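Next up, query-v6.cif (mmCIF, C-alpha atoms):
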```cif
data_start
#
loop_
_atom_site.label_atom_id
_atom_site.label_comp_id
_atom_site.auth_asym_id
_atom_site.auth_seq_id
_atom_site.Cartn_x
_atom_site.Cartn_y
_atom_site.Cartn_z
CA MET W 1 -5.08 -35.70 10.36
CA ILE W 2 -2.88 -38.64 11.16
CA PRO W 3 -1.52 -40.90 8.43
CA PRO W 4 -2.23 -44.65 8.54
CA LYS W 5 0.43 -46.86 10.12
CA PHE W 6 3.41 -47.82 8.03
CA ASP W 7 6.90 -49.16 8.47
CA TYR W 8 9.73 -46.82 7.67
CA VAL W 9 13.11 -47.48 6.09
CA LYS W 10 15.70 -44.74 5.73
CA ALA W 11 17.81 -45.61 2.70
CA ARG W 12 21.40 -44.37 2.72
CA THR W 13 22.10 -45.26 -0.92
CA ALA W 14 20.08 -45.69 -4.09
CA ASP W 15 20.89 -49.41 -4.01
CA GLU W 16 19.43 -49.71 -0.51
CA ALA W 17 16.27 -47.97 -1.65
CA LEU W 18 15.95 -50.23 -4.70
CA ALA W 19 16.51 -53.33 -2.56
CA ALA W 20 13.69 -52.20 -0.26
CA LEU W 21 11.43 -51.62 -3.27
CA ALA W 22 12.28 -55.08 -4.61
CA GLU W 23 11.46 -56.63 -1.25
CA HIS W 24 8.14 -54.87 -0.66
CA GLY W 25 6.97 -54.28 -4.24
CA ASP W 26 3.63 -52.54 -4.59
CA ASP W 27 3.26 -52.17 -0.80
CA ALA W 28 6.17 -49.72 -0.66
CA LYS W 29 6.27 -46.06 -1.60
CA LEU W 30 9.30 -43.83 -1.94
CA LEU W 31 9.38 -40.75 0.29
CA ALA W 32 11.60 -37.82 -0.70
CA GLY W 33 10.34 -34.37 0.35
CA GLY W 34 6.94 -35.87 1.09
CA HIS W 35 5.00 -32.89 -0.18
CA SER W 36 2.90 -34.95 -2.56
CA LEU W 37 2.82 -38.20 -0.58
CA ILE W 38 2.18 -37.03 3.00
CA PRO W 39 -1.02 -35.14 2.09
CA LEU W 40 -2.26 -38.30 0.33
CA LEU W 41 -1.43 -40.39 3.40
CA LYS W 42 -3.27 -37.98 5.67
CA LEU W 43 -6.36 -38.16 3.46
CA ARG W 44 -5.99 -41.97 3.41
CA LEU W 45 -5.93 -41.86 -0.37
CA SER W 46 -2.75 -43.91 -0.22
CA SER W 47 -1.91 -46.56 2.38
CA PRO W 48 1.49 -48.08 1.65
CA SER W 49 2.75 -50.50 4.29
CA VAL W 50 6.34 -49.32 3.95
CA LEU W 51 7.81 -45.90 3.26
CA VAL W 52 11.33 -45.91 1.89
CA ASP W 53 12.88 -42.53 2.70
CA ILE W 54 15.27 -41.47 -0.07
CA GLY W 55 15.39 -37.85 1.07
CA GLU W 56 18.91 -38.03 2.44
CA ILE W 57 20.66 -40.01 -0.28
CA ALA W 58 23.44 -37.57 -1.07
CA ASP W 59 24.21 -38.80 -4.59
CA LEU W 60 20.62 -38.32 -5.77
CA SER W 61 20.74 -34.57 -5.18
CA TYR W 62 22.79 -32.67 -7.78
CA ILE W 63 22.64 -30.45 -10.83
CA SER W 64 25.41 -31.12 -13.32
CA ASP W 65 26.43 -30.14 -16.82
CA GLY W 66 25.91 -33.08 -19.18
CA GLY W 67 27.15 -31.36 -22.34
CA THR W 68 24.01 -30.97 -24.46
CA HIS W 69 21.78 -31.35 -21.42
CA VAL W 70 21.64 -30.52 -17.73
CA ALA W 71 21.33 -33.54 -15.44
CA ILE W 72 19.29 -33.13 -12.26
CA GLY W 73 19.28 -35.71 -9.47
CA ALA W 74 15.79 -36.85 -8.55
CA THR W 75 15.84 -35.64 -4.95
CA THR W 76 17.06 -32.14 -5.78
CA THR W 77 14.71 -29.72 -4.06
CA HIS W 78 12.62 -27.19 -5.94
CA ARG W 79 14.53 -24.50 -4.08
CA THR W 80 17.84 -25.73 -5.49
CA VAL W 81 16.45 -26.10 -9.03
CA ALA W 82 14.92 -22.61 -8.97
CA LYS W 83 18.15 -21.01 -7.74
CA SER W 84 20.57 -22.98 -9.95
CA GLU W 85 22.75 -20.63 -12.02
CA LEU W 86 23.37 -23.42 -14.55
CA LEU W 87 19.65 -23.96 -15.09
CA ARG W 88 18.86 -20.25 -15.12
CA ALA W 89 21.37 -19.84 -17.94
CA GLN W 90 20.75 -23.05 -19.90
CA VAL W 91 17.10 -23.96 -19.20
CA PRO W 92 15.55 -20.77 -17.83
CA LEU W 93 12.01 -22.11 -18.36
CA LEU W 94 12.55 -24.91 -15.84
CA ALA W 95 14.26 -22.71 -13.24
CA HIS W 96 11.56 -20.06 -13.51
CA ALA W 97 8.61 -22.47 -13.44
CA THR W 98 10.08 -24.30 -10.45
CA GLY W 99 10.17 -20.99 -8.60
CA GLU W 100 6.39 -20.88 -9.10
CA VAL W 101 5.72 -24.29 -7.54
CA GLY W 102 3.67 -24.06 -4.34
CA ASP W 103 5.23 -21.61 -1.91
CA PRO W 104 8.69 -21.17 -0.34
CA GLN W 105 8.06 -23.76 2.38
CA VAL W 106 6.97 -26.32 -0.21
CA ARG W 107 9.94 -25.52 -2.46
CA ASN W 108 12.34 -25.93 0.46
CA ARG W 109 11.22 -29.54 1.02
CA GLY W 110 9.65 -30.78 -2.22
CA THR W 111 11.78 -32.44 -4.88
CA ILE W 112 11.66 -32.41 -8.67
CA GLY W 113 11.75 -36.21 -8.86
CA GLY W 114 8.93 -36.51 -6.35
CA SER W 115 6.79 -34.08 -8.29
CA ILE W 116 7.42 -35.94 -11.56
CA ALA W 117 6.93 -39.45 -10.18
CA HIS W 118 3.70 -38.35 -8.46
CA GLY W 119 2.30 -37.74 -11.94
CA ASP W 120 -0.17 -34.99 -11.11
CA PRO W 121 -1.23 -33.21 -14.34
CA ALA W 122 -1.92 -30.08 -12.26
CA SER W 123 1.73 -29.82 -11.24
CA ASP W 124 3.99 -27.37 -13.04
CA GLN W 125 7.13 -29.37 -13.70
CA PRO W 126 5.63 -32.32 -15.61
CA ALA W 127 4.32 -29.98 -18.32
CA VAL W 128 7.62 -28.13 -18.42
CA LEU W 129 9.55 -31.36 -18.96
CA VAL W 130 7.07 -32.48 -21.62
CA ALA W 131 7.50 -29.14 -23.41
CA LEU W 132 11.28 -29.44 -23.27
CA ASP W 133 11.36 -33.09 -24.38
CA ALA W 134 13.32 -34.00 -21.28
CA VAL W 135 14.46 -37.56 -20.62
CA LEU W 136 13.75 -39.34 -17.34
CA VAL W 137 16.18 -41.96 -16.11
CA ALA W 138 14.79 -44.85 -14.05
CA ARG W 139 16.76 -47.56 -12.29
CA SER W 140 15.52 -50.90 -11.00
CA ALA W 141 16.79 -53.28 -8.34
CA SER W 142 18.19 -55.58 -11.02
CA GLY W 143 20.61 -52.78 -11.85
CA SER W 144 19.11 -52.04 -15.22
CA GLN W 145 18.61 -48.42 -16.15
CA ARG W 146 16.29 -47.04 -18.81
CA GLU W 147 15.77 -43.65 -20.35
CA ILE W 148 12.16 -42.62 -20.79
CA PRO W 149 11.14 -39.60 -22.89
CA ALA W 150 9.05 -37.28 -20.70
CA ARG W 151 6.26 -37.44 -23.30
CA GLU W 152 5.93 -41.19 -22.71
CA PHE W 153 6.33 -41.13 -18.93
CA PHE W 154 2.86 -40.08 -17.80
CA ARG W 155 0.18 -42.73 -18.30
CA SER W 156 -2.92 -41.31 -16.59
CA PHE W 157 -3.92 -39.29 -13.52
CA LEU W 158 -1.25 -39.96 -10.83
CA GLU W 159 0.02 -42.91 -12.87
CA THR W 160 3.37 -43.20 -14.64
CA VAL W 161 5.17 -45.93 -16.54
CA LEU W 162 7.48 -46.61 -13.58
CA ALA W 163 7.33 -50.22 -12.42
CA PRO W 164 6.88 -50.88 -8.67
CA ASP W 165 10.56 -51.79 -8.32
CA GLU W 166 11.82 -48.81 -10.33
CA MET W 167 13.03 -45.47 -9.05
CA LEU W 168 13.36 -42.22 -10.94
CA VAL W 169 16.99 -41.22 -10.43
CA GLU W 170 17.75 -38.42 -12.89
CA ILE W 171 16.07 -35.85 -15.08
CA ARG W 172 17.95 -34.80 -18.23
CA VAL W 173 16.87 -31.49 -19.67
CA PRO W 174 18.12 -30.31 -23.07
CA LYS W 175 19.97 -27.02 -22.96
CA VAL W 176 18.04 -24.25 -24.67
CA PRO W 177 19.98 -21.11 -23.74
CA THR W 178 18.88 -19.01 -26.70
CA ALA W 179 15.30 -20.20 -27.20
CA GLY W 180 12.35 -17.98 -26.36
CA TRP W 181 10.33 -19.24 -23.44
CA SER W 182 7.38 -18.46 -21.25
CA PHE W 183 5.57 -19.96 -18.29
CA GLN W 184 1.98 -18.92 -17.71
CA LYS W 185 0.17 -20.05 -14.59
CA PHE W 186 -3.41 -19.12 -13.95
CA ASN W 187 -4.64 -19.65 -10.41
CA ARG W 188 -6.77 -17.99 -7.76
CA ARG W 189 -4.18 -17.73 -4.98
CA ALA W 190 -0.41 -17.49 -5.45
CA GLN W 191 0.32 -20.84 -3.83
CA ASP W 192 -2.41 -22.82 -5.62
CA TRP W 193 -2.06 -25.37 -8.36
CA ALA W 194 -2.64 -23.98 -11.81
CA ILE W 195 -6.23 -24.03 -13.00
CA VAL W 196 -4.47 -24.08 -16.37
CA GLY W 197 -0.79 -23.52 -17.04
CA VAL W 198 1.35 -23.24 -20.16
CA ALA W 199 5.06 -23.96 -20.54
CA ALA W 200 6.45 -22.87 -23.90
CA VAL W 201 9.88 -23.02 -25.46
CA VAL W 202 10.15 -21.51 -28.93
CA ASN W 203 12.88 -21.62 -31.58
CA GLY W 204 11.66 -19.80 -34.64
CA THR W 205 8.69 -21.80 -35.96
CA SER W 206 9.59 -24.82 -33.85
CA ALA W 207 7.82 -24.78 -30.51
CA GLY W 208 7.33 -27.12 -27.59
CA ILE W 209 4.21 -26.21 -25.65
CA GLY W 210 3.21 -28.14 -22.54
CA LEU W 211 -0.19 -27.72 -20.92
CA VAL W 212 -0.80 -28.00 -17.17
CA ASN W 213 -4.15 -29.41 -15.99
CA MET W 214 -5.68 -29.89 -19.44
CA GLY W 215 -6.10 -33.66 -19.16
CA GLY W 216 -5.23 -36.71 -17.11
CA THR W 217 -1.57 -36.20 -17.95
CA PRO W 218 0.50 -33.20 -18.97
CA VAL W 219 -0.04 -32.79 -22.72
CA ARG W 220 1.49 -30.92 -25.61
CA ALA W 221 -0.52 -28.38 -27.55
CA THR W 222 0.30 -30.26 -30.74
CA ALA W 223 -2.24 -28.46 -32.95
CA THR W 224 -0.71 -25.12 -32.01
CA GLU W 225 2.81 -26.45 -32.58
CA GLN W 226 1.83 -27.77 -36.01
CA ALA W 227 0.14 -24.53 -36.96
CA LEU W 228 3.27 -22.57 -36.03
CA ALA W 229 5.44 -24.97 -38.02
CA GLY W 230 3.09 -24.46 -40.97
CA GLY W 231 3.58 -20.71 -40.88
CA ALA W 232 0.54 -19.60 -38.89
CA SER W 233 0.82 -16.45 -36.81
CA PRO W 234 1.08 -16.89 -33.04
CA ALA W 235 -2.48 -15.62 -32.63
CA GLU W 236 -3.82 -18.06 -35.25
CA ALA W 237 -1.86 -20.92 -33.75
CA ALA W 238 -2.97 -20.16 -30.17
CA ALA W 239 -6.61 -20.56 -31.23
CA HIS W 240 -5.87 -24.29 -31.56
CA ALA W 241 -4.33 -24.63 -28.06
CA ALA W 242 -7.18 -26.72 -26.66
CA ASP W 243 -7.69 -28.91 -29.76
CA GLY W 244 -7.66 -32.58 -28.84
CA THR W 245 -7.50 -31.98 -25.08
CA ASP W 246 -9.83 -33.48 -22.49
CA PRO W 247 -9.61 -31.11 -19.52
CA PRO W 248 -11.04 -31.99 -16.11
CA SER W 249 -13.96 -30.32 -14.36
CA ASP W 250 -13.65 -29.23 -10.74
CA LEU W 251 -14.68 -26.45 -8.34
CA ASN W 252 -12.46 -23.94 -10.09
CA ALA W 253 -13.36 -24.47 -13.71
CA ASP W 254 -15.38 -26.54 -16.15
CA PRO W 255 -13.81 -27.94 -19.33
CA ASP W 256 -15.05 -25.11 -21.56
CA TYR W 257 -13.48 -22.51 -19.31
CA ARG W 258 -10.23 -24.47 -19.20
CA CYS W 259 -10.18 -24.59 -23.02
CA HIS W 260 -10.71 -20.83 -23.10
CA LEU W 261 -7.86 -20.35 -20.61
CA ALA W 262 -5.57 -22.60 -22.64
CA ARG W 263 -6.12 -20.50 -25.78
CA VAL W 264 -5.61 -17.21 -23.93
CA LEU W 265 -2.55 -18.40 -22.00
CA VAL W 266 -0.88 -19.96 -25.05
CA ALA W 267 -1.35 -16.68 -26.90
CA ARG W 268 0.28 -14.82 -24.01
CA ALA W 269 3.05 -17.39 -23.81
CA LEU W 270 3.90 -17.11 -27.50
CA LEU W 271 3.92 -13.33 -27.24
CA GLU W 272 6.24 -13.41 -24.24
CA ALA W 273 8.49 -16.09 -25.73
CA ALA W 274 8.92 -13.97 -28.86
CA SER W 275 10.16 -11.10 -26.71
CA ARG W 276 12.91 -13.15 -25.05
CA MET N 1 6.84 -50.11 14.69
CA GLN N 2 8.54 -47.49 16.85
CA ARG N 3 11.72 -45.75 15.92
CA GLU N 4 14.33 -43.92 17.93
CA VAL N 5 15.15 -40.43 16.68
CA THR N 6 17.39 -37.64 17.89
CA ILE N 7 15.99 -34.28 16.93
CA SER N 8 17.48 -30.97 17.94
CA VAL N 9 14.85 -28.34 18.67
CA ASN N 10 16.04 -24.77 19.23
CA GLY N 11 19.53 -26.08 19.88
CA SER N 12 18.51 -28.81 22.34
CA PRO N 13 18.94 -32.33 20.98
CA ARG N 14 16.79 -35.02 22.54
CA THR N 15 16.30 -38.69 21.78
CA ASP N 16 12.70 -39.90 21.59
CA THR N 17 10.88 -42.98 20.49
CA VAL N 18 8.26 -42.14 17.87
CA GLU N 19 5.91 -43.84 15.45
CA PRO N 20 7.05 -43.21 11.87
CA ARG N 21 3.65 -41.70 11.08
CA LEU N 22 4.04 -39.01 13.76
CA LEU N 23 3.96 -35.59 12.13
CA LEU N 24 6.63 -33.09 13.10
CA VAL N 25 4.00 -30.61 14.31
CA HIS N 26 2.53 -33.23 16.68
CA TYR N 27 6.02 -34.15 17.87
CA LEU N 28 6.78 -30.51 18.67
CA ARG N 29 3.49 -29.82 20.41
CA GLU N 30 2.86 -33.09 22.23
CA GLN N 31 6.28 -34.58 22.92
CA ARG N 32 8.37 -31.43 23.23
CA ARG N 33 5.46 -29.44 24.68
CA LEU N 34 6.23 -26.50 22.41
CA THR N 35 2.74 -25.31 21.57
CA GLY N 36 3.79 -22.08 19.89
CA THR N 37 3.73 -23.91 16.55
CA HIS N 38 0.05 -23.97 15.58
CA ILE N 39 -1.96 -26.43 13.56
CA GLY N 40 -4.17 -24.56 11.15
CA CYS N 41 -5.44 -26.22 7.99
CA ASP N 42 -3.38 -29.40 8.45
CA THR N 43 -3.13 -29.64 4.65
CA SER N 44 0.05 -27.58 3.99
CA ASN N 45 -1.98 -24.63 2.73
CA CYS N 46 -2.11 -22.12 5.59
CA GLY N 47 1.44 -22.00 6.95
CA ALA N 48 0.43 -21.68 10.65
CA CYS N 49 2.72 -24.63 11.43
CA THR N 50 5.80 -23.13 9.74
CA VAL N 51 9.11 -23.92 11.45
CA LEU N 52 12.68 -23.92 10.17
CA ILE N 53 14.45 -27.20 9.42
CA ASP N 54 18.20 -26.66 9.13
CA GLY N 55 17.41 -22.98 8.65
CA LEU N 56 14.87 -23.38 5.84
CA SER N 57 11.16 -22.75 6.38
CA ALA N 58 8.90 -25.79 6.23
CA LYS N 59 5.32 -26.69 7.04
CA SER N 60 5.59 -29.06 9.98
CA CYS N 61 2.18 -30.62 9.29
CA THR N 62 3.64 -32.09 6.11
CA VAL N 63 6.89 -33.45 7.52
CA LEU N 64 7.27 -36.69 9.44
CA ALA N 65 9.19 -36.38 12.69
CA VAL N 66 11.45 -39.23 11.53
CA GLN N 67 12.47 -37.14 8.52
CA THR N 68 14.12 -34.66 10.89
CA ASP N 69 16.16 -37.28 12.74
CA GLY N 70 19.62 -35.77 13.09
CA HIS N 71 18.46 -32.31 12.02
CA GLU N 72 17.91 -28.94 13.65
CA VAL N 73 14.37 -27.64 14.01
CA SER N 74 13.74 -24.02 14.99
CA THR N 75 10.40 -22.89 16.40
CA ILE N 76 8.96 -19.59 17.57
CA GLU N 77 10.01 -20.43 21.14
CA GLY N 78 13.67 -20.34 20.12
CA LEU N 79 13.68 -16.87 18.55
CA ALA N 80 13.98 -14.63 21.59
CA GLY N 81 17.38 -14.30 23.26
CA SER N 82 18.05 -15.93 26.63
CA ASP N 83 18.14 -12.41 28.08
CA GLY N 84 14.60 -11.80 26.90
CA SER N 85 15.60 -9.72 23.89
CA TYR N 86 13.32 -10.04 20.92
CA HIS N 87 14.28 -11.29 17.51
CA PRO N 88 13.96 -8.41 15.00
CA VAL N 89 10.98 -10.07 13.35
CA GLN N 90 9.21 -10.47 16.70
CA GLU N 91 9.85 -6.82 17.50
CA GLY N 92 8.71 -5.83 14.03
CA PHE N 93 5.38 -7.56 14.55
CA ARG N 94 5.07 -5.78 17.92
CA GLN N 95 6.01 -2.35 16.59
CA CYS N 96 3.84 -2.54 13.48
CA HIS N 97 0.83 -4.35 14.95
CA GLY N 98 1.51 -7.30 12.68
CA LEU N 99 -1.11 -9.45 14.34
CA GLN N 100 -4.78 -9.38 15.15
CA CYS N 101 -6.06 -12.70 16.55
CA GLY N 102 -2.50 -14.06 16.58
CA TYR N 103 -3.23 -17.55 15.32
CA CYS N 104 -1.15 -17.29 12.15
CA THR N 105 1.57 -15.24 13.87
CA PRO N 106 4.13 -17.91 14.83
CA GLY N 107 4.03 -19.27 11.28
CA MET N 108 4.15 -15.78 9.78
CA ILE N 109 7.15 -14.92 11.93
CA MET N 110 9.05 -18.13 11.13
CA ALA N 111 8.34 -17.74 7.41
CA SER N 112 9.54 -14.14 7.64
CA VAL N 113 12.75 -15.25 9.35
CA GLY N 114 13.24 -17.57 6.38
CA ILE N 115 12.66 -14.75 3.89
CA LEU N 116 15.19 -12.46 5.59
CA ALA N 117 17.79 -15.23 5.85
CA ASP N 118 17.65 -15.53 2.04
CA ASN N 119 17.30 -11.85 1.32
CA PRO N 120 18.08 -9.33 4.07
CA SER N 121 16.61 -6.42 2.11
CA PRO N 122 13.48 -7.70 0.36
CA SER N 123 11.19 -5.42 -1.60
CA GLU N 124 7.54 -5.23 -0.62
CA SER N 125 6.71 -7.53 -3.53
CA GLU N 126 9.38 -10.03 -2.47
CA ILE N 127 7.94 -10.06 1.06
CA ARG N 128 4.44 -10.67 -0.27
CA MET N 129 5.63 -13.47 -2.55
CA GLY N 130 7.73 -14.87 0.29
CA LEU N 131 4.61 -15.10 2.46
CA GLU N 132 2.45 -16.65 -0.26
CA GLY N 133 2.32 -19.87 1.77
CA ASN N 134 0.96 -18.21 4.90
CA ILE N 135 -2.67 -17.23 5.33
CA CYS N 136 -4.01 -14.65 7.81
CA ARG N 137 -7.76 -15.03 8.12
CA CYS N 138 -7.97 -11.68 9.88
CA THR N 139 -6.55 -10.48 6.53
CA GLY N 140 -3.97 -8.34 8.32
CA TYR N 141 -1.47 -8.63 5.52
CA GLN N 142 -0.61 -4.94 5.21
CA LYS N 143 0.67 -4.74 8.79
CA ILE N 144 2.45 -8.07 8.46
CA VAL N 145 4.36 -6.81 5.43
CA GLU N 146 5.22 -3.63 7.33
CA ALA N 147 6.47 -5.75 10.25
CA VAL N 148 8.86 -7.63 7.98
CA GLN N 149 10.03 -4.34 6.49
CA TRP N 150 10.66 -3.06 10.01
CA ALA N 151 12.69 -6.18 10.82
CA ALA N 152 14.75 -5.78 7.64
CA ALA N 153 15.56 -2.21 8.68
CA HIS N 154 16.45 -3.23 12.27
CA PRO N 155 18.47 -6.47 11.94
CA GLN N 156 19.81 -6.46 15.51
CA PRO N 157 18.03 -8.19 18.44
CA GLN N 158 15.81 -5.77 20.32
CA PRO N 159 15.72 -5.36 24.12
CA ALA N 160 12.53 -6.74 25.65
CA GLY N 161 9.75 -4.17 25.38
CA GLN N 162 8.09 -2.48 28.35
CA GLY N 163 4.63 -3.90 27.93
CA GLY N 164 2.18 -2.73 25.29
#
```

Represent the structure of the file as structure tokens.
Amino acid sequence: MIPPKFDYVKARTADEALAALAEHGDDAKLLAGGHSLIPLLKLRLSSPSVLVDIGEIADLSYISDGGTHVAIGATTTHRTVAKSELLRAQVPLLAHATGEVGDPQVRNRGTIGGSIAHGDPASDQPAVLVALDAVLVARSASGSQREIPAREFFRSFLETVLAPDEMLVEIRVPKVPTAGWSFQKFNRRAQDWAIVGVAAVVNGTSAGIGLVNMGGTPVRATATEQALAGGASPAEAAAHAADGTDPPSDLNADPDYRCHLARVLVARALLEAASR
Amino acid sequence: MQREVTISVNGSPRTDTVEPRLLLVHYLREQRRLTGTHIGCDTSNCGACTVLIDGLSAKSCTVLAVQTDGHEVSTIEGLAGSDGSYHPVQEGFRQCHGLQCGYCTPGMIMASVGILADNPSPSESEIRMGLEGNICRCTGYQKIVEAVQWAAAHPQPQPAGQGG
């Protein structure tokens, strides 16, 4: 399959990329690793007239210690995130879940910022960041920068709150070195997207539980979180994992089955988190 | 719009004029005439098109040629030594019958080279997880895993075999 024609701009700096976005607006798309965008281009589901390649902007690829959080540059590859000693120590849930994204070839090229900005509720990292209450930093051509809570970033299927002239530049993840955590991914083949996934970080009765592929956006299992906060046992709380969700139907699963999976996987996640 | 790129393939840089939408796998097969890299699913699922970019495995059906401008791409054709000696992974596939129809083999071998570069002594489980992005529709996985184990145990290049 051959993508539709487009013009191509290789940006050397974030400012160059933002200037190109400002010039071309909605007709432009950012290209980092390309592992979400190129498949869409090949299927002609997306036909931007300009691709702005940000994959080689050196100062967008980093993992640094921000004190209470770890800061990750948007074009940091999944490989680098998964192998990061800082993240493995301070935010093990994110490092581990990133090691489950796709397959090694995908992780070598794909980037965390690309995966987040793509806004696919079936992807692993969006739910992880929602569970962790991460903050996403976006910059626009005007030079303004805003911090967006991950829980407010995803608007609907493949749609985020980013404006056409904005670029996701950094992901800030709170350090949770001592919290219990678990990542549960249920799929048919190792490399597949999750049919349902669960990302959980647990501190006593305070839990953040993100659900993969249980709606048009990554969502929190708020009923389970509230039940835990109210003193319910993990098993009792997990029974509410699918409350308020609106899961999709596809070849792999209908909504009822996804709700069942969510309850089972949240129960497993809480059990595993309690053991860590 | 055409664009000039300089891409090094198996150590040989060359400057070409390409359309930005040209996929790396098409560039390798049609412009460099290196047809050892196969197109399988064309959707980044099967891994038949796996090559190394700057030493890391990648699915060349999901990379634009322009993204590799200035980079080093390694394909199956570059593995054997100039004296005909086999790369350990090639010899492992030969010794252990790691192929049946052979279609997935170049991708399997390049992915395996990537696994061993990261981890010279992988466990069986690590090999299987490392090959999760490569599909063999002959389902010859057992022999493929054994081939990678053989290569891990014999890390030196192997003299060209005498047939068979």

Shell around Arg151 (chain W) at 9 Å using only C-alpha atoms, local window under 6 positions removed, as a ChimeraX atom specification: /W:129-131,133-135,218-220

- request: Give me the residues within 10 Å of Gly98 (chain N) as a PyMOL selection string, counting only C-alpha atoms and dropping any in the same chain fewer than 5 places off.
  value: chain N and resi 89-93+105+108-109+140-148

- prompt: Mind telling me what the PyMOL selection byres ((chain W) within 9 of (chain N)) catches here, as number ranges by chain?
  reply: W: 1-8, 10, 33-35, 38-39, 42, 53, 55-56, 102-109, 189-192

For the residues selected in the previous step, produce a file with C-alpha atoms as a short mmCIF file (atom, residue, chain, number, x, y, z; two decimals), keeping the file's coordinate frame.
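What landed in again16.cif:
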```cif
data_model
loop_
_atom_site.label_atom_id
_atom_site.label_comp_id
_atom_site.auth_asym_id
_atom_site.auth_seq_id
_atom_site.Cartn_x
_atom_site.Cartn_y
_atom_site.Cartn_z
CA MET W 1 -5.08 -35.70 10.36
CA ILE W 2 -2.88 -38.64 11.16
CA PRO W 3 -1.52 -40.90 8.43
CA PRO W 4 -2.23 -44.65 8.54
CA LYS W 5 0.43 -46.86 10.12
CA PHE W 6 3.41 -47.82 8.03
CA ASP W 7 6.90 -49.16 8.47
CA TYR W 8 9.73 -46.82 7.67
CA LYS W 10 15.70 -44.74 5.73
CA GLY W 33 10.34 -34.37 0.35
CA GLY W 34 6.94 -35.87 1.09
CA HIS W 35 5.00 -32.89 -0.18
CA ILE W 38 2.18 -37.03 3.00
CA PRO W 39 -1.02 -35.14 2.09
CA LYS W 42 -3.27 -37.98 5.67
CA ASP W 53 12.88 -42.53 2.70
CA GLY W 55 15.39 -37.85 1.07
CA GLU W 56 18.91 -38.03 2.44
CA GLY W 102 3.67 -24.06 -4.34
CA ASP W 103 5.23 -21.61 -1.91
CA PRO W 104 8.69 -21.17 -0.34
CA GLN W 105 8.06 -23.76 2.38
CA VAL W 106 6.97 -26.32 -0.21
CA ARG W 107 9.94 -25.52 -2.46
CA ASN W 108 12.34 -25.93 0.46
CA ARG W 109 11.22 -29.54 1.02
CA ARG W 189 -4.18 -17.73 -4.98
CA ALA W 190 -0.41 -17.49 -5.45
CA GLN W 191 0.32 -20.84 -3.83
CA ASP W 192 -2.41 -22.82 -5.62
#
```

Please evaluate the PyMOL selection byres ((chain W and resi 184) around 6) against the displayed coordinates and give the resulting residues as an mmCIF file with C-alpha atoms, keeping the file's coordinate frame.
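So the final result, stored in result19.cif, reads:
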```
data_model
loop_
_atom_site.group_PDB
_atom_site.id
_atom_site.type_symbol
_atom_site.label_atom_id
_atom_site.label_comp_id
_atom_site.auth_asym_id
_atom_site.auth_seq_id
_atom_site.Cartn_x
_atom_site.Cartn_y
_atom_site.Cartn_z
ATOM 1 C CA PHE W 183 5.570 -19.960 -18.290
ATOM 2 C CA LYS W 185 0.170 -20.050 -14.590
ATOM 3 C CA GLY W 197 -0.790 -23.520 -17.040
ATOM 4 C CA VAL W 198 1.350 -23.240 -20.160
#
```

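Once the PyMOL selection byres ((chain W and resi 73) around 10) is applied to the depicted file, the selected set reads Ala58, Asp59, Leu60, Ser61, Tyr62, Ile63, Ser64, Ala71, Ile72, Ala74, Thr75, Thr76, Thr77, Thr111, Ile112, Gly113, Val137, Leu168, Val169, Glu170, Ile171 and Arg172 of chain W.
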
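Relative to CA of Pro164 (chain W), CA of Lys29 (chain W) is found at 8.6 Å.
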
Find the residues around Ala22 (chain W) up to 9 Å (only C-alpha atoms counted), leave out those fewer than 6 positions away in its own chain, and share them as a PDB file with C-alpha atoms, keeping the file's coordinate frame.
```
ATOM      1  CA  SER W 140      15.520 -50.900 -11.000  1.00  0.00           C
ATOM      2  CA  ALA W 141      16.790 -53.280  -8.340  1.00  0.00           C
ATOM      3  CA  SER W 142      18.190 -55.580 -11.020  1.00  0.00           C
ATOM      4  CA  PRO W 164       6.880 -50.880  -8.670  1.00  0.00           C
ATOM      5  CA  ASP W 165      10.560 -51.790  -8.320  1.00  0.00           C
ATOM      6  CA  GLU W 166      11.820 -48.810 -10.330  1.00  0.00           C
TER       7      GLU W 166
END
```

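In this structure, CA of Gly230 (chain W) sits 16.2 Å away from CA of Asp243 (chain W).
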
Shell around Leu30 (chain W) at 8 Å using only C-alpha atoms, local window under 3 positions removed, as a VMD selection string: chain W and resid 51 to 54

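Reported to one decimal place, the separation of CA of Ala65 (chain N) from CA of Val9 (chain W) is 13.5 Å.
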
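Among the candidate residues N:His154, N:Arg137, N:His38, N:Arg14, the one lying nearest to Thr75 (chain N) is N:His38, with distances computed using only C-alpha atoms.
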
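Neighbouring residues of Thr245 (chain W) at 10 Å or closer, counting only C-alpha atoms and skipping chain neighbours under 5 positions away, are Leu211, Met214, Gly215, Gly216, Val219, Arg220, Ala221, Thr222, Pro255, Arg258, Cys259 and Ala262 of chain W.
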
Padded axis-aligned box of region 171-179 of chain W (4 Å per side), centre and edge lengths, Å, one decimal, as lines of an AutoDock Vina configuration file:
```
center_x = 17.6
center_y = -27.4
center_z = -21.1
size_x = 12.7
size_y = 24.8
size_z = 20.1
```

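Each of W:Leu94, W:Met167, W:Ala200, W:Val173 was compared to Arg276 (chain W) using all atoms listed in the file, and W:Ala200 turns out to be the nearest.
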
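Closest approach to Gly11 (chain N) among N:Ser74, N:Ser85, N:Gln31, N:Thr37 is made by N:Ser74 (distances from all atoms listed in the file).
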
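Proximity to Ala127 (chain W) was assessed for W:Ser115, W:Ala274, W:Ala14, W:Ala253 counting only C-alpha atoms; the smallest distance is recorded for W:Ser115.
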